[in-house]
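Following: one structure in structure tokens, then a few remarks.
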Amino acid sequence: MNRLIDDTTENLTAVLGGKGEEEVRDFLREHFAQGVPTFVQYMDELLAGKGLKRQEVLLRADLPQKYGYKLLTGEAHTTDRDKLLRLCLAMELSLKQTQRVLRLYGMSELYPKQPRDVVLIAAIGRRQWDIYEISRELQAAGLEPLV
């Protein structure tokens, strides 16, 4: 997995601070030779890194196989952020990885000043991956469920 993706913005900013022109070019060559990863590339990296099969993830995310495959391969696009969140939960992604998935897809990240996002952030933080349990928790708080 690309270690640049997993590093903190603060750390990367500190590393780059004061770098000379040649050092910046070296950094770009080392970390961006392949370009910035796309949503599909990042998801493939995560699936491979976790040893997960797409079918298994789609079942856990409760997404139709055909549609889910198209999402993961970039053949289909969704405007439904919950579908991506369900994929992230099914893959047991950290909050940092989930935020990256949302960002790469062009969706808004989970925001701790939004009540629904608070429940989702807390669930991810305590490693609660069951989308039905999280949906029940959202409904108990008077919020829209994931499913």
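Chains: A, B, ... in order of the structure tokens. Residues: from 1 per chain. Ligands: from 1, in order shown.
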
Alpha helix (DSSP H) call set, DSSP backbone run, range 6-146 of chain A, as a PyMOL selection string: chain A and resi 6+9-16+21-32+39-50+54-60+65-73+81-90+95-105+115-125+131-140

Need to verify the contact set: Phe39 in chain A, 8 Å, only C-alpha atoms, exclusion of same-chain residues closer than 3 positions in sequence. Can you return it as a ChimeraX atom specification? /A:42-43,101,104-105

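A straight line drawn from CA of Leu120 in chain A to CA of Ile134 in chain A is 7.4 Å long.
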
From the list A:Lys70, A:Ser94, A:Leu87, A:Arg81, the nearest residue to Glu109 in chain A using only C-alpha atoms is A:Arg81

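The residue that comes closest to Gly49 in chain A, out of A:Leu93, A:Ala122, A:Leu63, A:Leu85 and on the basis of only C-alpha atoms, is A:Leu93.
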
Pick from A:Tyr132, A:Leu143, A:Val40, A:Asp82: nearest to Gln114 in chain A, with only C-alpha atoms counted? A:Leu143

Pick from A:Glu137, A:Val15, A:Leu72, A:His77: nearest to Asp117 in chain A, with only C-alpha atoms counted? A:Glu137

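Of the listed residues (A:Gln65, A:Glu92, A:Gly18, A:Val147), A:Glu92 comes nearest to Ala123 in chain A; the distances count only C-alpha atoms.
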
Can you tell me which residues surround Leu46 in chain A at a distance of at most 9 Å, considering only C-alpha atoms, apart from same-chain residues fewer than 4 positions away, and format the answer as a list in words? Met1, Gln41, Tyr42, Lys50, Gly51, Leu52, Met91, Leu93 and Gln97 of chain A

Suppose you want the space between CA of Gln139 in chain A and CA of Gly125 in chain A; what is it in Å? 18.9 Å

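Here CA of Leu84 in chain A is placed at a distance of 21.6 Å from CA of Gly142 in chain A.
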
Within 9 Å of Leu138 in chain A, counting only C-alpha atoms, which residues show up once you throw out same-chain ones fewer than 6 positions away? Write them as a ChimeraX atom specification, please. /A:116,119-120,144-146

Taking into account only C-alpha atoms, which residue in the set A:Arg54, A:Lys66, A:Thr38, A:Leu59 is nearest to Gly106 in chain A? A:Thr38
